[in-house]
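So the structure is just underneath, and the comments pick up after that.
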Amino acid sequence: MQPQSVLILDDEEMVLTSLSTYLALESDYEVFTFTSARQAIAHLEANEVGIIISDFLMPEMDGISFLTRARELRPDAPRVLLTGYADKENAIKAINQVGLYQYVEKPWDNDDLRLIIRNGLEKRALLDQLGQQMREIKQAYQELAGIQEEILKAFA
């Protein structure tokens with residue numbers, strides 16, 4: 001089972017407080033907030049997370065660069081980019097470069113964002129489940145191949 005946790009990176013403390021308070025009231029997700037991309041990356045290096053949300057424009061590192069690094073560290077975690085700018089070019093760049101799960105413009109609707117988070121976590125859970133089932137099928141196939149080989153040896 002994947003973690004039901006949300007990592008949020010934004011250089012504005014008010015955004016982090018707003019989102020973490022809302023999610024604490026409306027969900028049971030564990031929320032980790034960071035104003036520093038370096039601290040968020042250190043957290044990702046040491047911890048599994050369910051979904052990653054990042055602001056686009058930040059002084060230390062832009063959201064696309066951060067999410068690119070996050071993808072390297074936690075490729076299975078869906079990535080969401082928050083932006084105050086309706087910039088189609090950056091949206092396309094983010095989708096292509098970081099495998100973006102969702103692009104959300106500020107100001108966002110809390111209920112919509114909660115739905116995006118829930119759907120992202122459900123998608124991840126389904127992909128984890130599919131991966132587990134594929135591993136089980138591969139193992140069963142290998143066992144059957146071994147049995148087939150033994151049968152062929154017995155009749156050879």
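A note on labels: chains of the structure tokens are A, B, ... as shown, every chain counts residues from 1, and ligands are counted from 1 in their shown order.
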
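For range 17-25 of chain A, the residues within 10 Å (counting only C-alpha atoms, excluding itself and residues fewer than 2 positions away along the chain) are Val6, Leu7, Ile8, Glu12, Glu13, Met14, Val15, Ser27, Asp28, Tyr29, Glu30, Val31, Phe32, Thr33, Asn110, Asp111, Leu113, Arg114 and Ile117 of chain A.
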
Write down as an mmCIF file with C-alpha atoms, in the first residue's frame the residues belonging to chain A that are assigned strand (DSSP E) by DSSP computed on the backbone.
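Writing done, so here's result_23.cif:
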data_model
loop_
_atom_site.group_PDB
_atom_site.id
_atom_site.type_symbol
_atom_site.label_atom_id
_atom_site.label_comp_id
_atom_site.auth_asym_id
_atom_site.auth_seq_id
_atom_site.Cartn_x
_atom_site.Cartn_y
_atom_site.Cartn_z
ATOM 1 C CA SER A 5 1.050 11.442 2.293
ATOM 2 C CA VAL A 6 1.310 14.739 0.492
ATOM 3 C CA LEU A 7 4.489 16.762 0.051
ATOM 4 C CA ILE A 8 3.878 20.438 -0.718
ATOM 5 C CA LEU A 9 6.593 22.885 -1.754
ATOM 6 C CA GLU A 30 -0.070 13.120 6.337
ATOM 7 C CA VAL A 31 1.082 16.484 4.962
ATOM 8 C CA PHE A 32 4.705 17.622 4.729
ATOM 9 C CA THR A 33 5.261 21.266 3.795
ATOM 10 C CA PHE A 34 8.442 22.989 2.720
ATOM 11 C CA ILE A 51 1.922 12.695 -4.115
ATOM 12 C CA ILE A 52 4.096 15.762 -4.692
ATOM 13 C CA ILE A 53 2.773 19.303 -5.166
ATOM 14 C CA SER A 54 5.037 22.197 -6.080
ATOM 15 C CA ASP A 55 4.640 25.859 -6.825
ATOM 16 C CA ARG A 79 3.430 15.285 -9.507
ATOM 17 C CA VAL A 80 1.243 18.406 -9.437
ATOM 18 C CA LEU A 81 2.377 21.893 -10.441
ATOM 19 C CA LEU A 82 0.690 24.951 -8.893
ATOM 20 C CA THR A 83 1.103 28.208 -10.708
ATOM 21 C CA GLN A 102 -1.887 17.732 -13.032
ATOM 22 C CA TYR A 103 -1.376 21.433 -13.686
ATOM 23 C CA VAL A 104 -3.354 23.685 -11.309
ATOM 24 C CA GLU A 105 -3.702 27.444 -11.593
#

Smallest atom-to-atom distance to Glu26 in chain A: which of A:Asp128, A:Arg74, A:Arg69, A:Arg118, using only C-alpha atoms?
A:Arg118

Compile the contact shell of Ala94 in chain A as a PyMOL selection string: residues with an atom at most 8 Å away, counting only C-alpha atoms, same-chain residues fewer than 5 positions apart removed.
chain A and resi 64+81+99-100

Would you work out the distance separating CA of Asp76 in chain A from CA of Asp112 in chain A, expressed in Å to one decimal?
21.9 Å

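Ranking A:Ile95, A:Ala145, A:Ala46, A:Ala156 by their shortest atom-to-atom distance to Pro78 in chain A, with only C-alpha atoms included, puts A:Ile95 first.
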